[in-house]
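Below: structure.cif (mmCIF, C-alpha atoms)
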```
data_work
loop_
_atom_site.group_PDB
_atom_site.id
_atom_site.type_symbol
_atom_site.label_atom_id
_atom_site.label_comp_id
_atom_site.auth_asym_id
_atom_site.auth_seq_id
_atom_site.Cartn_x
_atom_site.Cartn_y
_atom_site.Cartn_z
ATOM 1 C CA MET A 1 28.134 9.378 29.408
ATOM 2 C CA THR A 2 31.573 7.862 28.916
ATOM 3 C CA ASP A 3 34.097 9.072 26.367
ATOM 4 C CA ALA A 4 33.550 5.834 24.419
ATOM 5 C CA VAL A 5 30.345 7.307 23.005
ATOM 6 C CA LEU A 6 29.936 11.067 22.715
ATOM 7 C CA PHE A 7 26.482 12.623 22.976
ATOM 8 C CA ASP A 8 25.687 16.010 21.467
ATOM 9 C CA ALA A 9 22.180 17.291 22.228
ATOM 10 C CA ARG A 10 21.807 20.031 19.644
ATOM 11 C CA GLU A 11 19.403 22.931 19.980
ATOM 12 C CA ASP A 12 17.737 22.025 16.668
ATOM 13 C CA GLY A 13 16.277 18.813 18.127
ATOM 14 C CA ILE A 14 18.975 16.511 16.742
ATOM 15 C CA ALA A 15 21.060 14.223 18.940
ATOM 16 C CA VAL A 16 24.426 13.204 17.486
ATOM 17 C CA LEU A 17 25.866 9.991 18.923
ATOM 18 C CA THR A 18 29.516 9.338 18.072
ATOM 19 C CA ILE A 19 31.326 6.068 18.705
ATOM 20 C CA ASN A 20 34.630 7.463 19.892
ATOM 21 C CA ARG A 21 37.160 4.662 19.608
ATOM 22 C CA PRO A 22 38.930 5.371 16.283
ATOM 23 C CA ASP A 23 42.084 3.630 17.513
ATOM 24 C CA THR A 24 40.158 0.324 17.534
ATOM 25 C CA ARG A 25 38.120 1.217 14.436
ATOM 26 C CA ASN A 26 35.160 1.945 16.707
ATOM 27 C CA ALA A 27 34.687 -1.739 17.487
ATOM 28 C CA LEU A 28 31.832 -2.719 19.778
ATOM 29 C CA SER A 29 33.860 -3.268 22.934
ATOM 30 C CA ARG A 30 32.167 -3.354 26.311
ATOM 31 C CA ASP A 31 32.600 0.369 26.972
ATOM 32 C CA VAL A 32 31.193 1.227 23.550
ATOM 33 C CA ARG A 33 28.211 -1.070 24.055
ATOM 34 C CA GLU A 34 27.471 0.440 27.450
ATOM 35 C CA GLY A 35 27.944 3.949 26.085
ATOM 36 C CA LEU A 36 25.528 3.305 23.229
ATOM 37 C CA ARG A 37 22.868 1.957 25.565
ATOM 38 C CA THR A 38 23.141 5.014 27.802
ATOM 39 C CA ALA A 39 23.099 7.351 24.791
ATOM 40 C CA TRP A 40 20.001 5.780 23.206
ATOM 41 C CA GLU A 41 18.173 5.875 26.528
ATOM 42 C CA ARG A 42 19.095 9.526 26.996
ATOM 43 C CA PHE A 43 17.871 10.361 23.498
ATOM 44 C CA GLU A 44 14.541 8.605 24.006
ATOM 45 C CA ALA A 45 13.955 10.270 27.385
ATOM 46 C CA ASP A 46 14.570 13.844 26.198
ATOM 47 C CA PRO A 47 11.369 15.363 24.712
ATOM 48 C CA GLN A 48 13.382 18.145 23.072
ATOM 49 C CA LEU A 49 15.275 15.654 20.914
ATOM 50 C CA ARG A 50 13.251 14.435 17.929
ATOM 51 C CA ILE A 51 15.786 12.573 15.788
ATOM 52 C CA ALA A 52 19.212 11.004 16.298
ATOM 53 C CA VAL A 53 22.258 10.601 14.052
ATOM 54 C CA LEU A 54 24.716 7.810 14.836
ATOM 55 C CA THR A 55 28.266 8.040 13.489
ATOM 56 C CA GLY A 56 31.829 6.973 14.247
ATOM 57 C CA ALA A 57 34.918 9.040 15.016
ATOM 58 C CA GLY A 58 37.580 9.260 12.327
ATOM 59 C CA ASP A 59 37.344 8.513 8.627
ATOM 60 C CA LYS A 60 38.510 4.899 8.511
ATOM 61 C CA ALA A 61 35.615 3.123 10.191
ATOM 62 C CA PHE A 62 32.046 3.806 11.197
ATOM 63 C CA CYS A 63 32.282 0.603 13.225
ATOM 64 C CA ALA A 64 34.398 -2.477 12.522
ATOM 65 C CA GLY A 65 32.006 -4.795 14.382
ATOM 66 C CA GLY A 66 32.295 -6.868 17.536
ATOM 67 C CA ASP A 67 35.398 -7.095 19.663
ATOM 68 C CA LEU A 68 36.879 -10.433 18.518
ATOM 69 C CA LYS A 69 39.546 -10.346 21.229
ATOM 70 C CA GLU A 70 36.832 -10.149 23.853
ATOM 71 C CA MET A 71 35.039 -13.103 22.244
ATOM 72 C CA VAL A 72 38.230 -15.156 22.458
ATOM 73 C CA GLU A 73 38.881 -14.174 26.080
ATOM 74 C CA THR A 74 35.325 -14.971 27.187
ATOM 75 C CA GLY A 75 34.831 -18.020 24.976
ATOM 76 C CA MET A 76 31.609 -16.445 23.793
ATOM 77 C CA THR A 77 29.133 -18.743 22.098
ATOM 78 C CA VAL A 78 25.671 -17.267 21.438
ATOM 79 C CA PRO A 79 25.774 -13.526 22.263
ATOM 80 C CA PRO A 80 23.360 -12.546 25.054
ATOM 81 C CA ARG A 81 20.103 -11.145 23.700
ATOM 82 C CA ASP A 82 20.788 -7.747 25.267
ATOM 83 C CA MET A 83 24.501 -7.578 24.448
ATOM 84 C CA PHE A 84 24.061 -4.868 21.812
ATOM 85 C CA ALA A 85 21.809 -1.822 22.187
ATOM 86 C CA LEU A 86 20.076 -2.065 18.812
ATOM 87 C CA PRO A 87 17.504 0.647 18.082
ATOM 88 C CA TYR A 88 13.939 -0.719 17.969
ATOM 89 C CA ASP A 89 15.192 -4.177 18.909
ATOM 90 C CA SER A 90 16.968 -4.564 22.237
ATOM 91 C CA ILE A 91 16.479 -0.870 23.000
ATOM 92 C CA GLU A 92 13.027 0.719 22.853
ATOM 93 C CA LEU A 93 12.881 3.856 20.706
ATOM 94 C CA THR A 94 9.904 5.787 19.342
ATOM 95 C CA LYS A 95 11.830 8.411 17.356
ATOM 96 C CA PRO A 96 13.583 8.232 13.968
ATOM 97 C CA THR A 97 17.301 7.548 13.617
ATOM 98 C CA ILE A 98 19.900 8.012 10.891
ATOM 99 C CA ALA A 99 23.246 6.241 10.481
ATOM 100 C CA ALA A 100 26.041 8.442 9.102
ATOM 101 C CA VAL A 101 28.548 5.910 7.789
ATOM 102 C CA ASN A 102 32.112 7.058 7.247
ATOM 103 C CA GLY A 103 34.585 4.329 6.367
ATOM 104 C CA HIS A 104 33.940 0.660 7.080
ATOM 105 C CA ALA A 105 30.699 -0.718 8.509
ATOM 106 C CA PHE A 106 31.558 -4.380 8.916
ATOM 107 C CA ALA A 107 29.720 -7.140 10.814
ATOM 108 C CA GLY A 108 28.328 -5.461 13.927
ATOM 109 C CA GLY A 109 28.949 -2.119 12.252
ATOM 110 C CA TRP A 110 26.580 -3.116 9.457
ATOM 111 C CA MET A 111 24.207 -4.371 12.158
ATOM 112 C CA ILE A 112 23.876 -1.026 13.925
ATOM 113 C CA ALA A 113 23.702 0.919 10.647
ATOM 114 C CA GLN A 114 20.964 -1.436 9.454
ATOM 115 C CA ALA A 115 19.029 -0.952 12.698
ATOM 116 C CA CYS A 116 18.680 2.788 12.079
ATOM 117 C CA ASP A 117 15.720 4.030 10.032
ATOM 118 C CA LEU A 118 17.802 5.836 7.419
ATOM 119 C CA CYS A 119 21.408 5.661 6.256
ATOM 120 C CA VAL A 120 23.768 8.205 4.712
ATOM 121 C CA ALA A 121 27.215 7.049 3.609
ATOM 122 C CA SER A 122 30.356 8.717 2.353
ATOM 123 C CA THR A 123 31.457 7.516 -1.077
ATOM 124 C CA ASN A 124 34.521 5.845 0.442
ATOM 125 C CA ALA A 125 32.429 3.783 2.879
ATOM 126 C CA LYS A 126 32.261 0.003 2.643
ATOM 127 C CA PHE A 127 29.748 -2.444 4.054
ATOM 128 C CA ALA A 128 30.209 -6.136 4.811
ATOM 129 C CA ILE A 129 28.645 -8.957 6.803
ATOM 130 C CA THR A 130 31.869 -10.804 7.487
ATOM 131 C CA GLU A 131 30.715 -13.382 10.028
ATOM 132 C CA VAL A 132 31.296 -16.347 7.677
ATOM 133 C CA LYS A 133 34.970 -15.351 7.556
ATOM 134 C CA VAL A 134 35.410 -15.862 11.300
ATOM 135 C CA GLY A 135 32.941 -18.661 12.007
ATOM 136 C CA ARG A 136 30.366 -16.442 13.688
ATOM 137 C CA GLY A 137 26.712 -15.794 12.846
ATOM 138 C CA SER A 138 24.532 -12.918 11.676
ATOM 139 C CA PRO A 139 20.920 -13.660 12.725
ATOM 140 C CA TRP A 140 20.403 -9.916 13.094
ATOM 141 C CA ALA A 141 20.624 -9.636 9.289
ATOM 142 C CA ALA A 142 17.195 -11.256 8.806
ATOM 143 C CA PRO A 143 15.332 -7.911 8.390
ATOM 144 C CA LEU A 144 17.486 -7.193 5.322
ATOM 145 C CA ILE A 145 14.988 -9.228 3.307
ATOM 146 C CA HIS A 146 12.684 -6.203 3.590
ATOM 147 C CA MET A 147 15.418 -3.815 2.444
ATOM 148 C CA ILE A 148 17.342 -5.438 -0.405
ATOM 149 C CA PRO A 149 16.703 -8.143 -3.056
ATOM 150 C CA GLN A 150 16.931 -11.764 -1.911
ATOM 151 C CA ARG A 151 19.761 -12.840 -4.199
ATOM 152 C CA VAL A 152 21.829 -9.797 -3.294
ATOM 153 C CA PHE A 153 21.192 -10.547 0.384
ATOM 154 C CA MET A 154 22.233 -14.162 -0.189
ATOM 155 C CA GLU A 155 25.523 -13.256 -1.847
ATOM 156 C CA ILE A 156 26.424 -10.751 0.866
ATOM 157 C CA VAL A 157 25.974 -13.208 3.743
ATOM 158 C CA LEU A 158 27.413 -16.240 1.948
ATOM 159 C CA THR A 159 30.620 -14.608 0.728
ATOM 160 C CA GLY A 160 31.298 -12.051 3.448
ATOM 161 C CA LYS A 161 32.764 -9.775 0.797
ATOM 162 C CA PRO A 162 32.406 -5.990 1.134
ATOM 163 C CA ILE A 163 30.304 -3.806 -1.106
ATOM 164 C CA ASP A 164 31.156 -0.172 -1.703
ATOM 165 C CA ALA A 165 28.903 2.784 -0.927
ATOM 166 C CA GLN A 166 27.713 3.127 -4.521
ATOM 167 C CA ARG A 167 26.569 -0.494 -4.581
ATOM 168 C CA ALA A 168 24.907 -0.071 -1.179
ATOM 169 C CA TYR A 169 23.033 2.906 -2.594
ATOM 170 C CA GLU A 170 22.009 1.010 -5.732
ATOM 171 C CA ILE A 171 20.480 -1.889 -3.795
ATOM 172 C CA GLY A 172 18.621 0.400 -1.406
ATOM 173 C CA LEU A 173 20.671 -0.087 1.758
ATOM 174 C CA VAL A 174 21.807 3.550 1.710
ATOM 175 C CA ASN A 175 19.486 6.537 1.227
ATOM 176 C CA ARG A 176 22.040 9.158 0.243
ATOM 177 C CA LEU A 177 25.717 9.423 -0.635
ATOM 178 C CA ALA A 178 28.099 12.151 0.491
ATOM 179 C CA GLU A 179 31.634 13.131 -0.350
ATOM 180 C CA PRO A 180 34.366 11.662 1.880
ATOM 181 C CA GLY A 181 34.205 13.372 5.242
ATOM 182 C CA GLY A 182 30.691 14.647 4.568
ATOM 183 C CA ALA A 183 28.484 11.822 5.865
ATOM 184 C CA LEU A 184 27.629 13.498 9.158
ATOM 185 C CA GLU A 185 26.823 16.823 7.521
ATOM 186 C CA ALA A 186 24.613 15.086 4.948
ATOM 187 C CA ALA A 187 22.875 13.083 7.677
ATOM 188 C CA ILE A 188 22.142 16.251 9.648
ATOM 189 C CA ALA A 189 20.731 17.843 6.495
ATOM 190 C CA LEU A 190 18.454 14.822 6.064
ATOM 191 C CA ALA A 191 17.466 15.069 9.730
ATOM 192 C CA HIS A 192 16.436 18.690 9.171
ATOM 193 C CA GLU A 193 14.180 17.576 6.331
ATOM 194 C CA VAL A 194 12.491 15.124 8.690
ATOM 195 C CA LEU A 195 12.183 17.812 11.363
ATOM 196 C CA GLU A 196 10.253 20.026 8.968
ATOM 197 C CA GLY A 197 7.328 17.638 9.293
ATOM 198 C CA ALA A 198 4.772 17.714 12.094
ATOM 199 C CA PRO A 199 6.072 15.573 14.990
ATOM 200 C CA LEU A 200 2.946 13.430 15.318
ATOM 201 C CA SER A 201 2.760 12.922 11.556
ATOM 202 C CA VAL A 202 6.408 11.824 11.442
ATOM 203 C CA LYS A 203 5.836 9.408 14.330
ATOM 204 C CA ALA A 204 2.753 7.893 12.678
ATOM 205 C CA ALA A 205 4.523 7.682 9.314
ATOM 206 C CA ARG A 206 7.420 5.769 10.859
ATOM 207 C CA GLU A 207 5.010 3.414 12.617
ATOM 208 C CA THR A 208 3.201 2.815 9.331
ATOM 209 C CA VAL A 209 6.408 1.728 7.588
ATOM 210 C CA MET A 210 7.166 -0.721 10.384
ATOM 211 C CA LEU A 211 3.591 -2.040 10.483
ATOM 212 C CA ALA A 212 3.638 -2.593 6.728
ATOM 213 C CA THR A 213 6.926 -4.465 7.096
ATOM 214 C CA GLU A 214 5.548 -6.794 9.754
ATOM 215 C CA MET A 215 2.000 -7.379 8.466
ATOM 216 C CA GLY A 216 0.065 -8.335 5.387
ATOM 217 C CA ARG A 217 -1.654 -5.639 3.317
ATOM 218 C CA SER A 218 -5.097 -5.638 4.973
ATOM 219 C CA ALA A 219 -3.808 -5.886 8.533
ATOM 220 C CA ALA A 220 -1.234 -3.141 7.901
ATOM 221 C CA LEU A 221 -3.879 -0.795 6.496
ATOM 222 C CA GLN A 222 -6.112 -1.324 9.515
ATOM 223 C CA ALA A 223 -3.267 -0.843 11.986
ATOM 224 C CA ALA A 224 -2.026 2.253 10.129
ATOM 225 C CA ARG A 225 -5.445 3.894 10.372
ATOM 226 C CA VAL A 226 -5.323 3.462 14.140
ATOM 227 C CA ALA A 227 -1.742 4.779 14.274
ATOM 228 C CA HIS A 228 -2.827 7.965 12.477
ATOM 229 C CA GLU A 229 -5.937 8.769 14.555
ATOM 230 C CA LEU A 230 -3.986 10.855 17.058
ATOM 231 C CA THR A 231 -2.362 12.746 14.191
ATOM 232 C CA TYR A 232 -5.654 13.577 12.481
ATOM 233 C CA ASN A 233 -7.179 14.772 15.762
ATOM 234 C CA SER A 234 -4.199 16.900 16.766
ATOM 235 C CA HIS A 235 -3.720 20.660 16.923
ATOM 236 C CA ASP A 236 -1.011 20.328 14.258
ATOM 237 C CA ALA A 237 -3.489 18.746 11.835
ATOM 238 C CA GLN A 238 -5.337 22.072 11.842
ATOM 239 C CA GLU A 239 -2.211 24.212 11.957
ATOM 240 C CA GLY A 240 -0.689 22.658 8.834
ATOM 241 C CA PRO A 241 -3.522 23.465 6.402
ATOM 242 C CA ARG A 242 -4.003 26.870 8.048
ATOM 243 C CA ALA A 243 -0.326 27.750 7.580
ATOM 244 C CA PHE A 244 -0.462 26.604 3.974
ATOM 245 C CA ALA A 245 -3.521 28.768 3.303
ATOM 246 C CA GLU A 246 -1.866 31.742 4.989
ATOM 247 C CA LYS A 247 1.390 31.139 3.077
ATOM 248 C CA ARG A 248 3.553 30.864 6.174
ATOM 249 C CA LYS A 249 5.686 28.235 7.855
ATOM 250 C CA PRO A 250 3.675 26.041 10.265
ATOM 251 C CA GLU A 251 4.393 26.253 13.973
ATOM 252 C CA TRP A 252 4.314 22.659 15.153
ATOM 253 C CA GLN A 253 3.440 21.925 18.772
ATOM 254 C CA GLY A 254 3.491 18.154 18.654
ATOM 255 C CA ARG A 255 -0.013 17.884 20.034
#
```

Translate this structure into structure tokens?
Amino acid sequence: MTDAVLFDAREDGIAVLTINRPDTRNALSRDVREGLRTAWERFEADPQLRIAVLTGAGDKAFCAGGDLKEMVETGMTVPPRDMFALPYDSIELTKPTIAAVNGHAFAGGWMIAQACDLCVASTNAKFAITEVKVGRGSPWAAPLIHMIPQRVFMEIVLTGKPIDAQRAYEIGLVNRLAEPGGALEAAIALAHEVLEGAPLSVKAARETVMLATEMGRSAALQAARVAHELTYNSHDAQEGPRAFAEKRKPEWQGR
């Protein structure tokens, strides 16, 4: 790992990834992009880590977006497909992720927060897709149609104006709000709630949400049944009801 992205593999099964460039508002410079790719790959490869939280150092910006100076220097036109390590897109992940947004999440910052499964934001956070302000594009925003209402989506991308954390929560972009400085703590608390579930059940549940997003009703139901077969036939599927009957906490084995 480089110091551009810090990686904390906690003993509770949570990986905390921190973009560590507060002096540049955690912009997605080359070293940050490379650090994120390495961090996501490390998270996916470690069987002891079940969920990841992505955040940014400092309280001013989660991530201010792409490095515009680099774009000028390189004369960048269409960004390479693999330029950004986006969870579940250009980087393969099978585990859940949470964005802990402190401060601004603009352009590429919104992009990486959007790519995570869940999002917690401090009340002083702001979100914006600012590409129209600088003549760039935001094709990565297309999945937002499954997250927020169409007309709200339209206004955000056409105007480039920021929305505050409360508005982001109201439209469904953000799952939970936290006091300023508390986004990471709140995201870890949410991660613990996810970790209380049986690992195979959590995995199948996440797959079901994504299948339902991509498919029509009938096809999604059929695919979801297949995704849950391993869960139903697992050791944990017997352990859960047994623990409930015995009034004790289940001991998940992930098998």

Given the PyMOL selection byres ((chain A and resi 138) around 9) and the file above, list the residues it selects as a ChimeraX atom specification. /A:107-108,111,129-132,136-137,139-142,157

With a distance cut-off of 6 Å and only C-alpha atoms, select the neighbouring residues of Ala183 of chain A, excluding the residue or stretch itself and same-chain residues fewer than 5 positions from it, and output the selection as a list in words.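 My reading of the contact set: Ala100, Ala121, Ser122 and Ala178 of chain A.
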
For the atom pair atom CA of Glu193 of chain A and atom CA of Arg10 of chain A, what is the interatomic distance in Å to one decimal place?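 A separation of 15.5 Å between them.
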
Exercise: Arg37 of chain A partners within 9 Å, only C-alpha atoms, chain neighbours under 5 positions left out, as an mmCIF file with C-alpha atoms, keeping the file's coordinate frame:
```cif
data_model
loop_
_atom_site.group_PDB
_atom_site.id
_atom_site.type_symbol
_atom_site.label_atom_id
_atom_site.label_comp_id
_atom_site.auth_asym_id
_atom_site.auth_seq_id
_atom_site.Cartn_x
_atom_site.Cartn_y
_atom_site.Cartn_z
ATOM 1 C CA VAL A 32 31.193 1.227 23.550
ATOM 2 C CA ARG A 42 19.095 9.526 26.996
ATOM 3 C CA PHE A 84 24.061 -4.868 21.812
ATOM 4 C CA ALA A 85 21.809 -1.822 22.187
ATOM 5 C CA LEU A 86 20.076 -2.065 18.812
ATOM 6 C CA ILE A 91 16.479 -0.870 23.000
#
```

Which residues are close to Asn26 of chain A, i.e. within 7 Å by all atoms listed in the file, leaving aside same-chain residues fewer than 6 positions away? Reply as a PyMOL selection string. chain A and resi 19-20+56+61-64

Result set of the PyMOL selection byres ((chain A and resi 53) around 12) on the coordinates above, as a ChimeraX atom specification: /A:6-10,13-19,39-40,43,49-52,54-56,87,95-101,112-113,116-120,183-192

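For the atom pair formed by atom CA of Lys249 of chain A and atom CA of Thr208 of chain A, the distance is 25.6 Å, given to one decimal.
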
Residues within 7 Å of (19.8, -4.1, -3.7), file coords, all atoms listed in the file, listed as a ChimeraX atom specification: /A:148-149,152,168,170-173

What's the separation between atom CA of Arg21 of chain A and atom CA of Asp164 of chain A, in Å to one decimal place? 22.7 Å

Under the rule that only C-alpha atoms are counted, which of A:Arg151, A:Ala125, A:Ala198, A:Val78 is the nearest residue to Arg176 of chain A?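 The shortest atom-to-atom distance to Arg176 of chain A comes from A:Ala125.
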
Within 8 Å of Asn124 of chain A using only C-alpha atoms, minus same-chain residues under 6 positions, as a ChimeraX atom specification: /A:102-103,164-165,179-180

Any chance you could tabulate, as a tab-separated table, the residues of segment 163-214 of chain A at most 9 Å from segment 219-234 of chain A with each one's nearest atom pair and distance in Å to one decimal, using only C-alpha atoms, in chain and rising number order?
```
residue	atom	partner	partner_atom	distance
A:Ala198	CA	A:Thr231	CA	8.9
A:Pro199	CA	A:Thr231	CA	8.9
A:Leu200	CA	A:Thr231	CA	5.5
A:Ser201	CA	A:Thr231	CA	5.8
A:Lys203	CA	A:Thr231	CA	8.9
A:Ala204	CA	A:His228	CA	5.6
A:Ala205	CA	A:His228	CA	8.0
A:Glu207	CA	A:Ala227	CA	7.1
A:Thr208	CA	A:Ala224	CA	5.3
A:Val209	CA	A:Ala224	CA	8.8
A:Leu211	CA	A:Ala220	CA	5.6
A:Ala212	CA	A:Ala220	CA	5.0
A:Thr213	CA	A:Ala220	CA	8.3
A:Glu214	CA	A:Ala220	CA	7.9
```

Let's have the selection written as a JSON list (two decimals), in the coordinates of the input, with C-alpha atoms.
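The new file result.json reads:
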```json
[["chain", "number", "residue", "atom", "x", "y", "z"],
["A", 198, "ALA", "CA", 4.77, 17.71, 12.09],
["A", 199, "PRO", "CA", 6.07, 15.57, 14.99],
["A", 200, "LEU", "CA", 2.95, 13.43, 15.32],
["A", 201, "SER", "CA", 2.76, 12.92, 11.56],
["A", 203, "LYS", "CA", 5.84, 9.41, 14.33],
["A", 204, "ALA", "CA", 2.75, 7.89, 12.68],
["A", 205, "ALA", "CA", 4.52, 7.68, 9.31],
["A", 207, "GLU", "CA", 5.01, 3.41, 12.62],
["A", 208, "THR", "CA", 3.20, 2.82, 9.33],
["A", 209, "VAL", "CA", 6.41, 1.73, 7.59],
["A", 211, "LEU", "CA", 3.59, -2.04, 10.48],
["A", 212, "ALA", "CA", 3.64, -2.59, 6.73],
["A", 213, "THR", "CA", 6.93, -4.46, 7.10],
["A", 214, "GLU", "CA", 5.55, -6.79, 9.75]]
```

Is it possible to get the axis-aligned box enclosing segment 172-180 of chain A (all listed atoms, 6 Å extra per side) as AutoDock Vina command-line options, with centre and edge lengths in Å rounded to one decimal?
```
--center_x 26.5 --center_y 6.5 --center_z 0.2 --size_x 27.7 --size_y 25.2 --size_z 15.3
```

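The result of the PyMOL selection byres ((chain A and resi 128) around 7) on the shown file is Ala105, Phe106, Ala107, Trp110, Lys126, Phe127, Ile129, Thr130, Gly160, Lys161, Pro162 and Ile163 of chain A.
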